[in-house]
$ cat start_39.cif   # mmCIF, C-alpha atoms
data_start
#
loop_
_atom_site.label_atom_id
_atom_site.label_comp_id
_atom_site.auth_asym_id
_atom_site.auth_seq_id
_atom_site.Cartn_x
_atom_site.Cartn_y
_atom_site.Cartn_z
CA MET A 225 -36.53 212.63 -28.49
CA GLY A 226 -35.05 212.51 -31.96
CA THR A 227 -31.89 210.63 -31.01
CA THR A 228 -31.09 207.39 -32.82
CA ARG A 229 -30.48 204.31 -30.72
CA LYS A 230 -27.28 202.42 -31.38
CA PRO A 231 -27.53 198.78 -32.45
CA ASP A 232 -26.93 196.34 -29.61
CA ARG A 233 -23.57 195.23 -30.98
CA HIS A 234 -22.30 198.82 -31.03
CA ARG A 235 -23.54 199.47 -27.49
CA THR A 236 -21.87 196.26 -26.33
CA ARG A 237 -18.59 197.20 -27.99
CA ASP A 238 -18.68 200.68 -26.46
CA THR A 239 -19.42 199.22 -23.03
CA TYR A 240 -16.42 196.88 -23.20
CA ARG A 241 -14.26 199.78 -24.34
CA GLN A 242 -15.29 201.57 -21.17
CA VAL A 243 -14.31 198.50 -19.14
CA ILE A 244 -10.86 198.29 -20.76
CA ALA A 245 -10.42 202.04 -20.26
CA LEU A 246 -10.74 201.50 -16.50
CA THR A 247 -7.64 199.30 -16.37
CA GLY A 248 -5.66 199.95 -19.54
CA PRO A 249 -4.93 197.21 -22.09
CA LEU A 250 -2.15 195.50 -20.10
CA LEU A 251 -4.02 194.36 -17.00
CA PRO A 252 -6.57 192.03 -18.70
CA GLY A 253 -3.76 190.10 -20.39
CA VAL A 254 -1.72 189.90 -17.21
CA SER A 255 -4.70 188.81 -15.11
CA PHE A 256 -5.67 186.16 -17.67
CA LEU A 257 -2.17 184.66 -17.71
CA GLY A 258 -2.01 184.97 -13.92
CA ARG A 259 -5.17 182.89 -13.43
CA LEU A 260 -4.31 180.30 -16.11
CA PRO A 261 -2.02 178.28 -13.76
CA THR A 262 -4.95 177.58 -11.41
CA ALA A 263 -6.78 175.64 -14.12
CA THR A 264 -3.57 174.06 -15.36
CA VAL A 265 -2.40 172.79 -11.97
CA GLN A 266 -5.75 171.30 -10.94
CA PHE A 267 -5.88 168.96 -13.94
CA GLY A 268 -2.13 168.70 -14.36
CA SER A 269 -1.51 167.41 -10.84
CA VAL A 270 -3.68 164.37 -11.54
CA LEU A 271 -1.99 163.56 -14.85
CA LEU A 272 1.46 164.17 -13.37
CA VAL A 273 1.00 161.77 -10.45
CA VAL A 274 -0.62 159.14 -12.66
CA ARG A 275 2.31 159.34 -15.08
CA THR A 276 5.01 159.20 -12.40
CA SER A 277 3.45 156.74 -9.94
CA GLY A 278 0.98 154.77 -12.02
CA SER A 279 -1.48 155.05 -9.14
CA LEU A 280 -4.96 156.43 -9.74
CA SER A 281 -5.52 156.56 -5.98
CA ALA A 282 -2.45 158.72 -5.43
CA ALA A 283 -3.45 160.97 -8.32
CA GLY A 284 -7.00 161.33 -7.06
CA LEU A 285 -5.85 162.08 -3.52
CA THR A 286 -3.34 164.69 -4.70
CA GLY A 287 -5.87 166.43 -6.95
CA GLY A 288 -8.53 166.27 -4.24
CA VAL A 289 -6.45 167.84 -1.48
CA LEU A 290 -5.21 170.47 -3.94
CA ALA A 291 -8.81 171.53 -4.58
CA LEU A 292 -9.57 171.32 -0.85
CA GLY A 293 -6.60 173.57 -0.08
CA GLN A 294 -7.95 176.23 -2.43
CA VAL A 295 -11.47 175.95 -0.99
CA VAL A 296 -10.26 176.29 2.60
CA CYS A 297 -7.58 178.95 2.12
CA GLY A 298 -9.23 180.97 -0.66
CA PRO A 299 -11.44 183.01 1.72
CA LEU A 300 -8.38 183.72 3.86
CA VAL A 301 -6.57 185.17 0.83
CA GLY A 302 -9.59 187.38 0.13
CA ARG A 303 -9.79 188.52 3.76
CA LEU A 304 -6.09 189.38 3.79
CA ALA A 305 -6.45 191.32 0.53
CA ASP A 306 -9.31 193.35 2.00
CA ARG A 307 -7.34 194.15 5.16
CA HIS A 308 -3.82 194.62 3.78
CA GLY A 309 -4.35 195.45 0.11
CA GLN A 310 -4.02 193.26 -2.97
CA ARG A 311 -0.45 194.26 -3.79
CA ARG A 312 1.44 192.61 -0.96
CA VAL A 313 -0.97 189.68 -0.57
CA VAL A 314 -1.03 188.66 -4.24
CA LEU A 315 2.73 189.12 -4.54
CA ALA A 316 3.42 186.88 -1.53
CA PHE A 317 0.97 184.16 -2.56
CA SER A 318 2.11 184.20 -6.22
CA LEU A 319 5.70 183.48 -5.23
CA ALA A 320 4.64 180.93 -2.61
CA ASN A 321 2.39 179.17 -5.12
CA ALA A 322 5.18 179.01 -7.70
CA LEU A 323 7.45 177.34 -5.14
CA ALA A 324 4.69 174.94 -4.03
CA VAL A 325 3.89 173.85 -7.59
CA ALA A 326 7.58 173.40 -8.36
CA ALA A 327 7.94 171.29 -5.20
CA LEU A 328 4.99 169.12 -6.25
CA VAL A 329 6.56 168.53 -9.67
CA ALA A 330 9.92 167.68 -8.12
CA GLY A 331 8.28 165.37 -5.58
CA ALA A 332 6.30 163.51 -8.22
CA LEU A 333 9.36 163.08 -10.46
CA ALA A 334 11.36 161.85 -7.47
CA GLY A 335 8.72 159.22 -6.67
CA LEU A 336 7.94 160.46 -3.17
CA PRO A 337 5.30 158.57 -1.12
CA MET A 338 1.61 159.29 -1.62
CA ALA A 339 1.25 161.05 1.74
CA VAL A 340 4.05 163.49 0.89
CA LEU A 341 2.53 164.19 -2.53
CA ALA A 342 -0.80 164.89 -0.84
CA LEU A 343 0.85 167.43 1.47
CA LEU A 344 2.56 169.10 -1.50
CA GLY A 345 -0.76 169.17 -3.32
CA ALA A 346 -2.43 170.82 -0.33
CA ALA A 347 0.31 173.46 -0.31
CA ALA A 348 -0.15 174.10 -4.02
CA GLY A 349 -3.89 174.55 -3.52
CA GLY A 350 -3.64 176.58 -0.33
CA THR A 351 -1.27 179.14 -1.83
CA VAL A 352 -3.29 179.95 -4.98
CA PRO A 353 -3.17 183.78 -5.28
CA LEU A 354 -6.78 183.97 -6.51
CA VAL A 355 -6.02 186.32 -9.37
CA GLY A 356 -9.47 185.72 -10.87
CA PRO A 357 -11.62 186.74 -7.87
CA LEU A 358 -9.29 189.59 -6.94
CA ALA A 359 -9.24 190.88 -10.52
CA ARG A 360 -13.04 190.88 -10.40
CA ALA A 361 -13.02 192.83 -7.13
CA ARG A 362 -10.42 195.25 -8.48
CA LEU A 363 -12.30 195.98 -11.69
CA VAL A 364 -15.57 196.55 -9.84
CA ALA A 365 -13.78 198.88 -7.41
CA LEU A 366 -12.34 200.84 -10.34
CA ALA A 367 -15.78 201.12 -11.93
CA ARG A 368 -17.42 202.26 -8.69
CA ARG A 369 -14.65 204.77 -8.02
CA ALA A 370 -15.05 206.22 -11.54
CA GLY A 371 -18.82 206.59 -11.03
CA ALA A 372 -19.49 204.21 -13.93
CA PRO A 373 -23.08 203.23 -14.73
CA GLU A 374 -24.44 199.86 -13.65
CA SER A 375 -24.18 198.65 -17.26
CA THR A 376 -20.41 199.11 -17.09
CA VAL A 377 -20.20 197.31 -13.74
CA GLY A 378 -22.20 194.44 -15.23
CA ALA A 379 -19.97 194.38 -18.30
CA ALA A 380 -16.91 194.27 -16.04
CA LEU A 381 -18.28 191.18 -14.32
CA SER A 382 -19.12 189.64 -17.71
CA PHE A 383 -15.62 190.33 -18.94
CA GLU A 384 -14.00 188.77 -15.88
CA SER A 385 -16.22 185.69 -16.01
CA THR A 386 -15.33 185.25 -19.68
CA LEU A 387 -11.63 185.34 -18.82
CA ASP A 388 -12.28 182.68 -16.16
CA GLU A 389 -14.11 180.49 -18.69
CA MET A 390 -11.29 180.86 -21.22
CA SER A 391 -8.66 179.95 -18.63
CA PHE A 392 -10.54 176.82 -17.55
CA VAL A 393 -10.85 175.75 -21.18
CA LEU A 394 -7.26 176.52 -22.19
CA GLY A 395 -5.56 175.26 -19.00
CA PRO A 396 -6.62 171.59 -19.26
CA ALA A 397 -6.07 171.70 -23.03
CA LEU A 398 -2.45 172.78 -22.52
CA VAL A 399 -1.91 170.03 -19.95
CA GLY A 400 -3.38 167.44 -22.30
CA LEU A 401 -1.19 168.66 -25.16
CA ALA A 402 1.93 168.52 -22.99
CA SER A 403 1.02 165.00 -21.86
CA VAL A 404 0.62 163.77 -25.43
CA LEU A 405 3.74 165.44 -26.82
CA ALA A 406 6.10 165.06 -23.85
CA HIS A 407 5.23 164.98 -20.13
CA PRO A 408 2.70 166.77 -17.86
CA ALA A 409 5.63 168.03 -15.79
CA TYR A 410 6.35 170.55 -18.54
CA ALA A 411 2.87 172.06 -18.22
CA MET A 412 3.16 172.13 -14.44
CA GLY A 413 6.59 173.76 -14.60
CA GLY A 414 5.25 176.34 -17.04
CA ALA A 415 2.38 177.05 -14.64
CA ALA A 416 4.87 177.69 -11.82
CA VAL A 417 6.79 180.18 -13.94
CA LEU A 418 3.58 181.83 -15.16
CA VAL A 419 2.12 182.38 -11.69
CA ALA A 420 5.42 183.79 -10.44
CA VAL A 421 5.79 186.24 -13.33
CA CYS A 422 2.21 187.20 -14.17
CA GLY A 423 0.89 186.91 -10.62
CA SER A 424 3.59 189.32 -9.52
CA ALA A 425 2.84 191.63 -12.45
CA PHE A 426 -0.84 191.64 -11.47
CA ALA A 427 0.12 192.47 -7.87
CA LEU A 428 2.42 195.32 -8.87
CA HIS A 429 0.12 196.88 -11.48
CA PRO A 430 -0.86 200.45 -10.50
CA THR A 431 -4.56 199.52 -10.38
CA ALA A 432 -3.85 197.53 -7.21
CA LEU A 433 -4.03 200.86 -5.40
CA ALA A 434 -7.73 201.08 -6.29
CA VAL A 435 -8.37 198.45 -3.63
CA ALA A 436 -5.84 199.64 -1.09
CA PRO A 437 -6.62 198.79 2.55
CA ALA A 438 -9.03 201.18 4.23
CA ARG A 439 -6.47 202.56 6.69
CA GLU A 440 -4.33 203.76 3.77
CA GLU A 441 -7.33 205.55 2.27
CA GLY A 442 -7.85 207.59 5.42
CA ASP A 443 -11.41 206.36 5.78
CA PRO A 444 -12.03 205.71 9.52
CA ALA A 445 -15.32 203.92 8.89
CA ARG A 446 -13.79 201.52 6.39
CA ALA A 447 -10.76 201.04 8.61
CA ARG A 448 -13.00 199.96 11.49
CA ALA A 449 -14.90 197.68 9.11
CA ALA A 450 -11.65 196.07 8.01
CA VAL A 451 -10.70 195.29 11.61
CA ALA A 452 -14.20 194.25 12.71
CA PRO A 453 -15.92 193.24 9.45
CA ALA A 454 -19.63 193.91 9.04
CA PRO A 455 -21.72 190.74 8.87
CA MET A 456 -22.65 189.33 5.50
CA PRO A 457 -26.32 189.78 4.52
CA SER A 458 -28.62 186.79 4.90
CA CYS A 459 -28.96 186.42 1.13
CA VAL A 460 -25.23 185.68 0.65
CA PRO A 461 -25.42 181.99 1.69
CA HIS A 462 -28.11 181.48 -0.96
CA LEU A 463 -25.83 183.00 -3.59
CA ARG A 464 -22.95 180.79 -2.52
CA ALA A 465 -25.19 177.73 -2.57
CA SER A 466 -26.19 178.60 -6.12
CA LEU A 467 -22.54 178.75 -7.14
CA ALA A 468 -21.73 175.51 -5.32
CA LEU A 469 -24.51 173.79 -7.25
CA GLN A 470 -23.12 175.27 -10.45
CA GLY A 471 -19.83 173.63 -9.51
CA VAL A 472 -21.71 170.36 -9.00
CA MET A 473 -23.05 170.69 -12.53
CA PHE A 474 -19.54 171.28 -13.89
CA GLY A 475 -18.16 168.25 -12.09
CA ALA A 476 -21.07 165.98 -13.02
CA CYS A 477 -20.87 167.00 -16.67
CA GLN A 478 -17.12 166.37 -16.63
CA SER A 479 -17.61 162.85 -15.24
CA GLY A 480 -20.51 162.10 -17.55
CA ILE A 481 -18.66 163.31 -20.62
CA THR A 482 -15.59 161.27 -19.72
CA ALA A 483 -17.65 158.14 -19.07
CA LEU A 484 -19.70 158.40 -22.27
CA THR A 485 -16.75 159.11 -24.56
CA THR A 486 -14.92 156.16 -22.96
CA ARG A 487 -17.94 153.91 -23.54
CA LEU A 488 -17.99 155.02 -27.18
CA GLY A 489 -14.28 154.32 -27.56
CA GLN A 490 -13.53 158.03 -28.09
CA GLU A 491 -11.68 158.88 -24.88
CA ASN A 492 -9.60 161.54 -26.64
CA GLN A 493 -12.76 163.50 -27.40
CA ALA A 494 -13.65 164.17 -23.74
CA GLY A 495 -11.50 167.27 -23.43
CA LEU A 496 -12.78 168.66 -26.73
CA VAL A 497 -16.41 168.16 -25.74
CA TYR A 498 -15.84 169.94 -22.42
CA ALA A 499 -13.94 172.70 -24.22
CA ALA A 500 -16.87 173.21 -26.62
CA MET A 501 -19.14 173.80 -23.63
CA GLY A 502 -16.63 176.25 -22.17
CA VAL A 503 -16.24 178.19 -25.42
CA MET A 504 -20.01 178.57 -25.81
CA SER A 505 -20.25 179.69 -22.19
CA ALA A 506 -17.55 182.32 -22.79
CA VAL A 507 -19.40 183.64 -25.85
CA ALA A 508 -22.63 183.85 -23.85
CA GLY A 509 -20.75 185.69 -21.11
CA LEU A 510 -19.51 188.36 -23.49
CA ALA A 511 -23.01 188.75 -24.89
CA MET A 512 -24.39 189.54 -21.43
CA ALA A 513 -23.40 193.19 -21.87
CA ALA A 514 -26.16 193.47 -24.48
CA VAL A 515 -28.94 192.28 -22.11
CA PRO A 516 -31.48 195.11 -21.67
CA ALA A 517 -31.30 196.92 -18.34
CA ARG A 518 -35.03 196.35 -17.80
CA LEU A 519 -34.23 192.71 -17.04
CA GLY A 520 -33.18 193.09 -13.39
CA LEU A 521 -30.62 190.82 -11.77
CA PRO A 522 -33.09 188.56 -9.91
CA LEU A 523 -35.02 187.95 -13.14
CA ARG A 524 -31.78 187.18 -14.99
CA TRP A 525 -30.87 184.74 -12.22
CA ARG A 526 -34.17 182.91 -12.58
CA LEU A 527 -33.96 182.84 -16.37
CA ALA A 528 -30.39 181.51 -16.33
CA THR A 529 -31.16 178.75 -13.84
CA ALA A 530 -34.36 177.81 -15.68
CA ALA A 531 -32.40 177.57 -18.93
CA ALA A 532 -29.76 175.39 -17.26
CA LEU A 533 -32.46 173.04 -16.00
CA VAL A 534 -34.26 172.75 -19.33
CA LEU A 535 -31.09 172.41 -21.39
CA SER A 536 -29.61 169.77 -19.07
CA LEU A 537 -32.53 167.34 -19.44
CA PRO A 538 -31.52 166.08 -22.93
CA LEU A 539 -28.26 164.84 -21.37
CA LEU A 540 -30.26 161.96 -19.86
CA ARG A 541 -31.00 160.59 -23.35
CA ILE A 542 -27.64 161.04 -25.07
CA THR A 543 -26.04 157.91 -26.55
CA SER A 544 -23.86 159.21 -29.41
CA LEU A 545 -20.87 161.49 -29.77
CA PRO A 546 -22.53 163.98 -32.17
CA GLY A 547 -25.51 164.22 -29.84
CA LEU A 548 -23.20 164.80 -26.88
CA TYR A 549 -21.41 167.61 -28.69
CA ALA A 550 -24.70 169.26 -29.62
CA VAL A 551 -26.37 169.07 -26.21
CA VAL A 552 -23.31 170.01 -24.16
CA THR A 553 -22.45 172.95 -26.41
CA VAL A 554 -25.97 174.36 -26.16
CA LEU A 555 -25.95 173.81 -22.38
CA GLY A 556 -22.92 176.10 -22.16
CA VAL A 557 -25.19 179.02 -23.06
CA ALA A 558 -26.69 178.96 -19.55
CA TYR A 559 -23.51 178.70 -17.50
CA ALA A 560 -21.78 182.08 -17.84
CA PRO A 561 -25.01 184.13 -17.48
CA HIS A 562 -25.66 182.38 -14.19
CA LEU A 563 -22.14 182.94 -12.89
CA ILE A 564 -22.07 186.58 -13.97
CA THR A 565 -25.46 187.32 -12.43
CA VAL A 566 -24.66 185.68 -9.09
CA PHE A 567 -21.34 187.51 -8.86
CA ALA A 568 -23.17 190.78 -9.64
CA LEU A 569 -25.74 190.09 -6.92
CA THR A 570 -22.92 189.27 -4.50
CA GLU A 571 -21.08 192.49 -5.32
CA ARG A 572 -24.20 194.56 -4.62
CA ALA A 573 -25.10 192.73 -1.42
CA VAL A 574 -21.84 192.55 0.52
CA PRO A 575 -20.13 195.33 2.49
CA PRO A 576 -17.60 197.12 0.25
CA ALA A 577 -14.83 196.46 2.78
CA ARG A 578 -15.37 192.70 2.35
CA LEU A 579 -15.66 192.55 -1.44
CA ALA A 580 -12.45 190.57 -2.10
CA GLU A 581 -13.33 188.09 0.65
CA ALA A 582 -16.84 187.68 -0.76
CA MET A 583 -15.50 187.04 -4.27
CA ALA A 584 -13.01 184.52 -2.87
CA LEU A 585 -15.74 182.73 -0.91
CA ALA A 586 -17.93 182.64 -4.01
CA THR A 587 -15.11 181.11 -6.04
CA SER A 588 -14.36 178.61 -3.27
CA ALA A 589 -18.00 177.53 -3.31
CA LEU A 590 -17.79 176.94 -7.05
CA VAL A 591 -14.50 175.01 -6.83
CA GLY A 592 -15.66 173.02 -3.82
CA GLY A 593 -18.89 171.99 -5.50
CA GLN A 594 -17.02 170.85 -8.58
CA ALA A 595 -14.40 168.89 -6.63
CA LEU A 596 -17.03 167.11 -4.52
CA SER A 597 -19.11 166.36 -7.60
CA VAL A 598 -16.19 164.86 -9.52
CA ALA A 599 -15.40 162.58 -6.57
CA VAL A 600 -19.00 161.39 -6.14
CA THR A 601 -20.10 161.16 -9.79
CA GLY A 602 -16.89 159.41 -10.76
CA ARG A 603 -17.95 156.48 -8.58
CA LEU A 604 -21.54 156.69 -9.82
CA THR A 605 -20.49 156.39 -13.44
CA GLU A 606 -18.49 153.27 -12.65
CA ALA A 607 -21.58 151.65 -11.15
CA TYR A 608 -24.42 153.05 -13.26
CA GLY A 609 -22.90 154.64 -16.34
CA PRO A 610 -22.79 158.24 -17.65
CA THR A 611 -26.54 158.78 -17.23
CA ALA A 612 -26.08 158.78 -13.45
CA ALA A 613 -23.65 161.69 -13.63
CA PHE A 614 -25.92 163.62 -15.99
CA ALA A 615 -28.84 163.01 -13.61
CA VAL A 616 -26.80 164.65 -10.84
CA ALA A 617 -26.21 167.63 -13.14
CA SER A 618 -29.92 168.02 -13.84
CA THR A 619 -30.78 167.67 -10.15
CA ALA A 620 -28.27 170.38 -9.26
CA ALA A 621 -29.79 172.61 -11.94
CA ALA A 622 -33.25 172.07 -10.46
CA LEU A 623 -32.05 172.97 -6.96
CA THR A 624 -30.34 176.09 -8.31
CA PHE A 625 -33.60 177.15 -9.95
CA VAL A 626 -35.44 176.68 -6.65
CA ILE A 627 -32.90 178.87 -4.87
CA ALA A 628 -33.23 181.57 -7.52
CA LEU A 629 -37.01 181.54 -7.11
CA THR A 630 -37.01 181.73 -3.32
CA ALA A 631 -33.97 183.87 -2.42
CA ARG A 632 -34.38 187.61 -1.87
CA PRO A 633 -31.13 189.44 -2.72
CA THR A 634 -30.54 192.80 -1.07
CA VAL A 635 -28.39 195.87 -1.74
CA HIS A 636 -25.88 196.79 0.96
CA SER A 637 -26.19 200.20 2.59
CA GLY A 638 -22.63 201.01 1.49
CA ARG A 639 -23.82 201.27 -2.11
CA ALA A 640 -24.52 204.93 -2.71
CA GLY A 641 -28.05 205.83 -3.58
CA HIS A 642 -29.66 202.64 -2.31
CA ASP A 643 -32.00 202.05 0.59
CA PRO A 644 -30.05 199.88 3.07
CA HIS A 645 -33.10 197.67 3.53
CA ALA A 646 -34.09 197.54 -0.13
CA ARG A 647 -34.19 194.33 -2.06
CA VAL A 648 -32.70 194.05 -5.52
CA LYS A 649 -35.77 194.62 -7.64
CA ASP A 650 -36.60 193.36 -11.10
CA GLU A 651 -36.26 196.79 -12.58
CA PRO A 652 -33.61 198.74 -14.48
CA ALA A 653 -30.55 199.56 -12.41
CA ARG A 654 -29.98 203.25 -11.91
CA THR A 655 -26.63 204.91 -12.27
CA THR A 656 -25.21 206.13 -8.99
CA SER A 657 -22.99 209.11 -8.61
#
$ encode --input "start_39.cif" --output "structure tokens"
Amino acid sequence: MGTTRKPDRHRTRDTYRQVIALTGPLLPGVSFLGRLPTATVQFGSVLLVVRTSGSLSAAGLTGGVLALGQVVCGPLVGRLADRHGQRRVVLAFSLANALAVAALVAGALAGLPMAVLALLGAAAGGTVPLVGPLARARLVALARRAGAPESTVGAALSFESTLDEMSFVLGPALVGLASVLAHPAYAMGGAAVLVAVCGSAFALHPTALAVAPAREEGDPARARAAVAPAPMPSCVPHLRASLALQGVMFGACQSGITALTTRLGQENQAGLVYAAMGVMSAVAGLAMAAVPARLGLPLRWRLATAAALVLSLPLLRITSLPGLYAVVTVLGVAYAPHLITVFALTERAVPPARLAEAMALATSALVGGQALSVAVTGRLTEAYGPTAAFAVASTAAALTFVIALTARPTVHSGRAGHDPHARVKDEPARTTS
């Protein structure tokens, strides 16, 4: 009764120390560098093909099929990791991705036809080792195995989402810098080396054994589940739809920012504006560990989507660069909390034997929504200006809020201590043993 409560900042720091203690200090750095090539190659492929061919159509096609390859093959990578373990799957895909990216660079420099570049782009997207989603699944598995409290599991998801945000801010920035100083091929070549080295290091790290295939753990029930996977709960499509709409918001904001800065004659500011949004989102993600436990996950989901809707509306009235910086930066506050919360709800809802697949599917939904949005809103901005793209972003935010209000997330029976038919309630999460 007489104990003194720690300030929030101290509790947050202690929680993140617990997260790092699960993996050791090396793995977060390796996983961050291993996922950086994904963000680099997506943007870099477009700049590379534009520079070498001078064709916006060829560049758009190459970048589009690269994203499509990741969306289509990402769930397969997750399924393979669940069934065969992360070590061999990530190692194989890291090396294959390095070769595919190198082939794309060589093909672009050699001036190969557009159809060939599209095939190379599809290979580069289809072989992405998905270090981000698999790192998230690995860290959650480590936390569950250690009997960590729900606050630590939530902090682990916050930490991983922050690393994702940082990679998707730094990756395009590095490509842009390489393009200005030399050639985008240098950034793409660096990405190939990075995924080969750091992707392999992530695969071979001892923590990969925490998510070993069920048959190696001697668990007959999990082994049967790996061969004949349990069905996903009915709430999972709603969670994926929410992430897809988040991707739509990302893509629409990207198109709107590019169009408005171009209209203002400040094209070089587009990347910086988008980076400001990403940095603020990363800060908000780290701060999620301080959110009181009494705010349950469904309530956090509703609050995050409501904030995204409200904060996106001023985009419709922006006409100046300072105003764009201000509104977009503030909007970033809502992004990471939404992503972290939906990933947490997904982790609690899906069968443990399908966690990596579920994380991969969730990431594919996000990437797919963004790719589709960029393609559609890019044309809208040409016809109707940046406001059209920002209107798409606000509409996506509204739909996400509706989903958060109407969906009923559940907790899977494989989570110890939970009723298999229970819904995720708006109440403090209890620590399971």
$ residues_near_point --input "start_39.cif" --point "(2.8, 169.5, -3.5)" --cutoff "12 Å" --atoms "only C-alpha atoms" --output "PyMOL selection string"
chain A and resi 265-266+268-270+272-273+283+285-291+293+320-333+336-351+412+416
$ write_last_selection --input "start_39.cif" --atoms "C-alpha atoms" --output "PDB file, keeping the file's coordinate frame"
ATOM      1  CA  VAL A 265      -2.400 172.790 -11.970  1.00  0.00           C
ATOM      2  CA  GLN A 266      -5.750 171.300 -10.940  1.00  0.00           C
ATOM      3  CA  GLY A 268      -2.130 168.700 -14.360  1.00  0.00           C
ATOM      4  CA  SER A 269      -1.510 167.410 -10.840  1.00  0.00           C
ATOM      5  CA  VAL A 270      -3.680 164.370 -11.540  1.00  0.00           C
ATOM      6  CA  LEU A 272       1.460 164.170 -13.370  1.00  0.00           C
ATOM      7  CA  VAL A 273       1.000 161.770 -10.450  1.00  0.00           C
ATOM      8  CA  ALA A 283      -3.450 160.970  -8.320  1.00  0.00           C
ATOM      9  CA  LEU A 285      -5.850 162.080  -3.520  1.00  0.00           C
ATOM     10  CA  THR A 286      -3.340 164.690  -4.700  1.00  0.00           C
ATOM     11  CA  GLY A 287      -5.870 166.430  -6.950  1.00  0.00           C
ATOM     12  CA  GLY A 288      -8.530 166.270  -4.240  1.00  0.00           C
ATOM     13  CA  VAL A 289      -6.450 167.840  -1.480  1.00  0.00           C
ATOM     14  CA  LEU A 290      -5.210 170.470  -3.940  1.00  0.00           C
ATOM     15  CA  ALA A 291      -8.810 171.530  -4.580  1.00  0.00           C
ATOM     16  CA  GLY A 293      -6.600 173.570  -0.080  1.00  0.00           C
ATOM     17  CA  ALA A 320       4.640 180.930  -2.610  1.00  0.00           C
ATOM     18  CA  ASN A 321       2.390 179.170  -5.120  1.00  0.00           C
ATOM     19  CA  ALA A 322       5.180 179.010  -7.700  1.00  0.00           C
ATOM     20  CA  LEU A 323       7.450 177.340  -5.140  1.00  0.00           C
ATOM     21  CA  ALA A 324       4.690 174.940  -4.030  1.00  0.00           C
ATOM     22  CA  VAL A 325       3.890 173.850  -7.590  1.00  0.00           C
ATOM     23  CA  ALA A 326       7.580 173.400  -8.360  1.00  0.00           C
ATOM     24  CA  ALA A 327       7.940 171.290  -5.200  1.00  0.00           C
ATOM     25  CA  LEU A 328       4.990 169.120  -6.250  1.00  0.00           C
ATOM     26  CA  VAL A 329       6.560 168.530  -9.670  1.00  0.00           C
ATOM     27  CA  ALA A 330       9.920 167.680  -8.120  1.00  0.00           C
ATOM     28  CA  GLY A 331       8.280 165.370  -5.580  1.00  0.00           C
ATOM     29  CA  ALA A 332       6.300 163.510  -8.220  1.00  0.00           C
ATOM     30  CA  LEU A 333       9.360 163.080 -10.460  1.00  0.00           C
ATOM     31  CA  LEU A 336       7.940 160.460  -3.170  1.00  0.00           C
ATOM     32  CA  PRO A 337       5.300 158.570  -1.120  1.00  0.00           C
ATOM     33  CA  MET A 338       1.610 159.290  -1.620  1.00  0.00           C
ATOM     34  CA  ALA A 339       1.250 161.050   1.740  1.00  0.00           C
ATOM     35  CA  VAL A 340       4.050 163.490   0.890  1.00  0.00           C
ATOM     36  CA  LEU A 341       2.530 164.190  -2.530  1.00  0.00           C
ATOM     37  CA  ALA A 342      -0.800 164.890  -0.840  1.00  0.00           C
ATOM     38  CA  LEU A 343       0.850 167.430   1.470  1.00  0.00           C
ATOM     39  CA  LEU A 344       2.560 169.100  -1.500  1.00  0.00           C
ATOM     40  CA  GLY A 345      -0.760 169.170  -3.320  1.00  0.00           C
ATOM     41  CA  ALA A 346      -2.430 170.820  -0.330  1.00  0.00           C
ATOM     42  CA  ALA A 347       0.310 173.460  -0.310  1.00  0.00           C
ATOM     43  CA  ALA A 348      -0.150 174.100  -4.020  1.00  0.00           C
ATOM     44  CA  GLY A 349      -3.890 174.550  -3.520  1.00  0.00           C
ATOM     45  CA  GLY A 350      -3.640 176.580  -0.330  1.00  0.00           C
ATOM     46  CA  THR A 351      -1.270 179.140  -1.830  1.00  0.00           C
ATOM     47  CA  MET A 412       3.160 172.130 -14.440  1.00  0.00           C
ATOM     48  CA  ALA A 416       4.870 177.690 -11.820  1.00  0.00           C
TER      49      ALA A 416
END
$ closest_residue --input "start_39.cif" --among "A:Pro252, A:Pro353, A:Gly284, A:Gly475" --to "Ser318 (chain A)" --atoms "all atoms listed in the file"
A:Pro353
$ closest_residue --input "start_39.cif" --among "A:Ala513, A:Leu433, A:Leu398, A:Ala316" --to "Arg241 (chain A)" --atoms "only C-alpha atoms"
A:Ala513
$ atom_distance --input "start_39.cif" --atom1 "CA of Phe392 (chain A)" --atom2 "CA of Phe625 (chain A)"
24.3 Å
$ atom_distance --input "start_39.cif" --atom1 "CA of Glu491 (chain A)" --atom2 "CA of Arg259 (chain A)"
27.4 Å
$ resolve_selection --input "start_39.cif" --expression "the PyMOL selection byres ((chain A and resi 506) around 7)" --output "ChimeraX atom specification"
/A:386,389-390,502-505,507-510,560
$ resolve_selection --input "start_39.cif" --expression "the PyMOL selection byres ((chain A and resi 399) around 8)" --output "PyMOL selection string"
chain A and resi 264+267-268+395-398+400-403+408+411-412
$ write_last_selection --input "start_39.cif" --atoms "C-alpha atoms" --output "PDB file, in the coordinates of the input"
ATOM      1  CA  THR A 264      -3.570 174.060 -15.360  1.00  0.00           C
ATOM      2  CA  PHE A 267      -5.880 168.960 -13.940  1.00  0.00           C
ATOM      3  CA  GLY A 268      -2.130 168.700 -14.360  1.00  0.00           C
ATOM      4  CA  GLY A 395      -5.560 175.260 -19.000  1.00  0.00           C
ATOM      5  CA  PRO A 396      -6.620 171.590 -19.260  1.00  0.00           C
ATOM      6  CA  ALA A 397      -6.070 171.700 -23.030  1.00  0.00           C
ATOM      7  CA  LEU A 398      -2.450 172.780 -22.520  1.00  0.00           C
ATOM      8  CA  GLY A 400      -3.380 167.440 -22.300  1.00  0.00           C
ATOM      9  CA  LEU A 401      -1.190 168.660 -25.160  1.00  0.00           C
ATOM     10  CA  ALA A 402       1.930 168.520 -22.990  1.00  0.00           C
ATOM     11  CA  SER A 403       1.020 165.000 -21.860  1.00  0.00           C
ATOM     12  CA  PRO A 408       2.700 166.770 -17.860  1.00  0.00           C
ATOM     13  CA  ALA A 411       2.870 172.060 -18.220  1.00  0.00           C
ATOM     14  CA  MET A 412       3.160 172.130 -14.440  1.00  0.00           C
TER      15      MET A 412
END
